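Taking it in order: structure first as structure tokens, then the write-up.
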Amino acid sequence: MKFNKKIIIASRVVSMVFTPFYLPTLGLLALFSFSYLSLLPFQYKAIVVAIVYFFTILLPTLLIHIYRRHQRWNLIELGQRERRMVPYVLSILCYFTCVYIMRSLHIPHFMSSIVVAALGIQIICAIVNGWWKISTHTAAIGGVVGALVAFAAIFGFNPLPWLCTTIILAGILGTSRMILRQHSLSEVVAGFLVGVFVGWIVLVI
């Protein structure tokens, strides 16, 4: 019994750490590490990361938390399919705002395209959520896999170590979501495949 409780706690921690909102920030950090954009001044890179972090992690998380508290729902109740639409809309609006600001500041295309890819994943998951509770957690980490493959093709670096690490994390995350009974295997796999496809196609185009 204690063992099962520890597994559930560990699954909750994994779900909280690998929130779907981390994709753009992680993608930027990868871009600044593996491409010619690593030559940009540190202050400029820090400002871009700060903008993306605010609009894709901090602000949507805060707004969804306020909405959940207003409705007096816990995290499990918020995870019900019919209650996920407002959080989707809030996060999509935040991502749209981020893209608009980045384009207004003439931030390089490869940087803003990461947020566009994450936005595309959010929109597709929101549409699918109308009849099926697809996993946004695995969609986000699938987007990381797709982005890594795209960046490897564009900038010519070996993504294998990062891909192996990300895929293992995707397996752990998907398993955690199923342990918490938030998703079925098909919902977890479908989310991952959507993320891989959207993350790859947006960055390649």
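In the structure tokens, chains take the letters A, B, ... in the order shown, each chain's residues start at 1, and ligands count up from 1 in the order shown.
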
Write out as number ranges by chain the residues lying within 12 Å of Arg84 of chain A, counting only C-alpha atoms and excluding same-chain residues fewer than 6 positions away. A: 64, 67-68, 73, 75-78, 90-91, 122, 125-136

Residues near Pro24 of chain A, cut-off 6 Å, only C-alpha atoms, skip fewer than 3 positions along chain, as a count of residues only: 3

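A straight line drawn from atom CA of Val202 of chain A to atom CA of Ala117 of chain A is 5.6 Å long.
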
Please identify all polymer residues within 7 Å of segment 158-160 of chain A, counting only C-alpha atoms, omitting same-chain residues fewer than 3 positions from it, and present them as a count of residues only. 5

Using only C-alpha atoms, what table do you get, as a tab-separated table, when you list each residue of segment 4-90 of chain A with an atom no more than 10 Å from segment 179-199 of chain A, its nearest pair of atoms, and their distance in Å rounded to one decimal, rows by chain then rising number?
```
residue	atom	partner	partner_atom	distance
A:Asn4	CA	A:Ile179	CA	9.9
A:Ile7	CA	A:Ile179	CA	8.2
A:Ile8	CA	A:Leu180	CA	6.6
A:Ile9	CA	A:Leu180	CA	9.3
A:Ala10	CA	A:Ile179	CA	9.9
A:Ser11	CA	A:Leu180	CA	6.9
A:Arg12	CA	A:Leu180	CA	7.4
A:Ser15	CA	A:Leu180	CA	9.3
A:Leu23	CA	A:Gly199	CA	9.7
A:Gly27	CA	A:Gly199	CA	10.0
A:Ile76	CA	A:Gln182	CA	7.8
A:Gly79	CA	A:Gln182	CA	7.0
A:Gln80	CA	A:Gln182	CA	8.1
A:Arg81	CA	A:Gln182	CA	9.6
```

Preceding selection exported with all heavy atoms as a short mmCIF file (atom, residue, chain, number, x, y, z; two decimals), in the first residue's frame:
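This went into out_10.cif:
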```cif
data_model
loop_
_atom_site.label_atom_id
_atom_site.label_comp_id
_atom_site.auth_asym_id
_atom_site.auth_seq_id
_atom_site.Cartn_x
_atom_site.Cartn_y
_atom_site.Cartn_z
N ASN A 4 2.46 1.73 -3.41
CA ASN A 4 1.54 2.31 -4.39
C ASN A 4 1.40 3.82 -4.17
O ASN A 4 1.31 4.59 -5.12
CB ASN A 4 0.17 1.65 -4.28
CG ASN A 4 0.19 0.21 -4.77
OD1 ASN A 4 1.07 -0.16 -5.56
ND2 ASN A 4 -0.75 -0.59 -4.32
N ILE A 7 4.37 5.60 -5.61
CA ILE A 7 4.29 5.67 -7.07
C ILE A 7 3.37 6.81 -7.50
O ILE A 7 3.68 7.56 -8.43
CB ILE A 7 3.80 4.33 -7.65
CG1 ILE A 7 4.85 3.25 -7.46
CG2 ILE A 7 3.48 4.49 -9.14
CD1 ILE A 7 4.43 1.89 -7.95
N ILE A 8 2.25 6.95 -6.81
CA ILE A 8 1.30 8.02 -7.14
C ILE A 8 1.92 9.39 -6.89
O ILE A 8 1.79 10.31 -7.71
CB ILE A 8 -0.01 7.85 -6.34
CG1 ILE A 8 -0.75 6.60 -6.80
CG2 ILE A 8 -0.89 9.09 -6.48
CD1 ILE A 8 -1.97 6.27 -5.98
N ILE A 9 2.62 9.53 -5.77
CA ILE A 9 3.29 10.80 -5.45
C ILE A 9 4.34 11.12 -6.50
O ILE A 9 4.45 12.25 -6.99
CB ILE A 9 3.92 10.75 -4.04
CG1 ILE A 9 2.82 10.68 -2.98
CG2 ILE A 9 4.81 11.98 -3.81
CD1 ILE A 9 3.35 10.47 -1.57
N ALA A 10 5.13 10.10 -6.88
CA ALA A 10 6.16 10.29 -7.90
C ALA A 10 5.54 10.69 -9.23
O ALA A 10 6.05 11.56 -9.94
CB ALA A 10 6.97 9.01 -8.06
N SER A 11 4.40 10.09 -9.57
CA SER A 11 3.71 10.42 -10.82
C SER A 11 3.22 11.86 -10.81
O SER A 11 3.28 12.56 -11.83
CB SER A 11 2.53 9.46 -11.03
OG SER A 11 2.97 8.13 -11.14
N ARG A 12 2.72 12.31 -9.67
CA ARG A 12 2.27 13.70 -9.56
C ARG A 12 3.44 14.67 -9.71
O ARG A 12 3.31 15.71 -10.37
CB ARG A 12 1.58 13.91 -8.21
CG ARG A 12 0.20 13.27 -8.12
CD ARG A 12 -0.39 13.40 -6.73
NE ARG A 12 -1.74 12.83 -6.67
CZ ARG A 12 -2.40 12.63 -5.54
NH1 ARG A 12 -1.85 12.96 -4.37
NH2 ARG A 12 -3.61 12.10 -5.57
N SER A 15 4.41 14.85 -13.37
CA SER A 15 3.43 15.63 -14.12
C SER A 15 3.58 17.13 -13.87
O SER A 15 3.39 17.94 -14.78
CB SER A 15 2.01 15.19 -13.75
OG SER A 15 1.77 13.86 -14.16
N LEU A 23 7.67 23.63 -23.23
CA LEU A 23 8.20 23.37 -24.57
C LEU A 23 8.91 24.57 -25.20
O LEU A 23 10.06 24.44 -25.64
CB LEU A 23 7.08 22.87 -25.49
CG LEU A 23 7.40 22.79 -26.98
CD1 LEU A 23 8.58 21.86 -27.22
CD2 LEU A 23 6.18 22.32 -27.77
N GLY A 27 12.89 24.62 -25.96
CA GLY A 27 13.29 24.72 -27.36
C GLY A 27 14.26 25.86 -27.59
O GLY A 27 15.24 25.73 -28.35
N ILE A 76 -7.33 17.34 -10.12
CA ILE A 76 -7.98 16.19 -10.75
C ILE A 76 -9.28 16.61 -11.40
O ILE A 76 -9.59 16.20 -12.53
CB ILE A 76 -8.24 15.08 -9.71
CG1 ILE A 76 -6.92 14.63 -9.06
CG2 ILE A 76 -8.95 13.91 -10.36
CD1 ILE A 76 -5.92 14.03 -10.03
N GLY A 79 -8.83 18.45 -14.57
CA GLY A 79 -8.38 17.58 -15.65
C GLY A 79 -9.50 16.89 -16.41
O GLY A 79 -9.25 16.25 -17.43
N GLN A 80 -10.74 17.01 -15.95
CA GLN A 80 -11.86 16.40 -16.67
C GLN A 80 -12.02 17.07 -18.02
O GLN A 80 -11.91 18.30 -18.15
CB GLN A 80 -13.14 16.52 -15.84
CG GLN A 80 -13.09 15.75 -14.54
CD GLN A 80 -14.33 15.94 -13.68
OE1 GLN A 80 -15.32 16.50 -14.14
NE2 GLN A 80 -14.27 15.50 -12.43
N ARG A 81 -12.30 16.27 -19.05
CA ARG A 81 -12.31 16.77 -20.43
C ARG A 81 -13.17 18.00 -20.62
O ARG A 81 -12.75 18.98 -21.23
CB ARG A 81 -12.77 15.66 -21.37
CG ARG A 81 -12.75 16.06 -22.84
CD ARG A 81 -13.22 14.93 -23.73
NE ARG A 81 -14.60 14.57 -23.44
CZ ARG A 81 -15.66 15.22 -23.91
NH1 ARG A 81 -15.51 16.29 -24.69
NH2 ARG A 81 -16.89 14.82 -23.61
#
```

Nearest-residue call for Cys98 of chain A, choices A:Thr56, A:Thr175, A:Thr165, A:Gln71, using only C-alpha atoms: A:Thr56

Rank A:Leu119, A:Met178, A:Val17, A:Leu62 by their smallest atom-to-atom distance to Phe96 of chain A, using only C-alpha atoms, and report the top residue only. A:Leu119

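Neighbouring residues of Leu63 of chain A at 12 Å or closer, counting only C-alpha atoms and skipping chain neighbours under 6 positions away, are A:Phe54, A:Phe55, A:Thr56, A:Ile57, A:Arg69, A:His70, A:Val86, A:Pro87, A:Tyr88, A:Val89, A:Leu90, A:Ser91, A:Ile92, A:Leu93, A:Cys94.
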
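Distance annotation: of A:Leu58, A:Ile201, A:Met102, A:Val48, the residue with the minimal separation from Phe151 of chain A is A:Ile201; atom set is only C-alpha atoms.
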
From a DSSP pass on the backbone, collect the residues of segment 92-151 of chain A flagged as alpha helix (DSSP H) and hand them back as a VMD selection string. chain A and resid 92 to 104 109 to 128 136 to 151

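Of note, atom CA of Val116 of chain A and atom CA of Asn74 of chain A are spaced 29.9 Å apart.
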
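Compared by their closest atoms to Thr97 of chain A, and using only C-alpha atoms, the residues A:Pro60, A:His109, A:Trp162, A:Ile172 rank with A:Pro60 nearest.
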
Please identify all polymer residues within 10 Å of Phe155 of chain A, counting only C-alpha atoms, omitting same-chain residues fewer than 2 positions from it, and present them as a PyMOL selection string. chain A and resi 31+34-36+150-153+157-158

Hey, which bits of segment 56-170 of chain A sit within 12 Å of segment 43-46 of chain A, and for each residue what's the closest pair of atoms and how far apart in Å (one decimal), counting only C-alpha atoms, rows by chain and increasing number, as a tab-separated table?
```
residue	atom	partner	partner_atom	distance
A:Leu105	CA	A:Tyr44	CA	11.8
A:Ile107	CA	A:Tyr44	CA	10.0
A:Pro108	CA	A:Lys45	CA	11.3
A:Met111	CA	A:Lys45	CA	10.2
```

Restricted to N, CA and C atoms, what would the selected residues look like written as a PDB file, in the first residue's frame?
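File written: selection.pdb
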```pdb
ATOM      1  N   LEU A 105       8.978  42.775 -32.095  1.00  0.00           N
ATOM      2  CA  LEU A 105      10.368  43.105 -31.729  1.00  0.00           C
ATOM      3  C   LEU A 105      11.366  42.591 -32.754  1.00  0.00           C
ATOM      4  N   ILE A 107      12.271  39.628 -33.509  1.00  0.00           N
ATOM      5  CA  ILE A 107      13.098  38.528 -33.015  1.00  0.00           C
ATOM      6  C   ILE A 107      13.206  37.487 -34.127  1.00  0.00           C
ATOM      7  N   PRO A 108      14.401  36.926 -34.349  1.00  0.00           N
ATOM      8  CA  PRO A 108      14.622  35.989 -35.463  1.00  0.00           C
ATOM      9  C   PRO A 108      13.571  34.897 -35.578  1.00  0.00           C
ATOM     10  N   MET A 111      13.427  31.602 -33.533  1.00  0.00           N
ATOM     11  CA  MET A 111      13.015  31.729 -32.134  1.00  0.00           C
ATOM     12  C   MET A 111      11.492  31.767 -32.016  1.00  0.00           C
TER      13      MET A 111
END
```
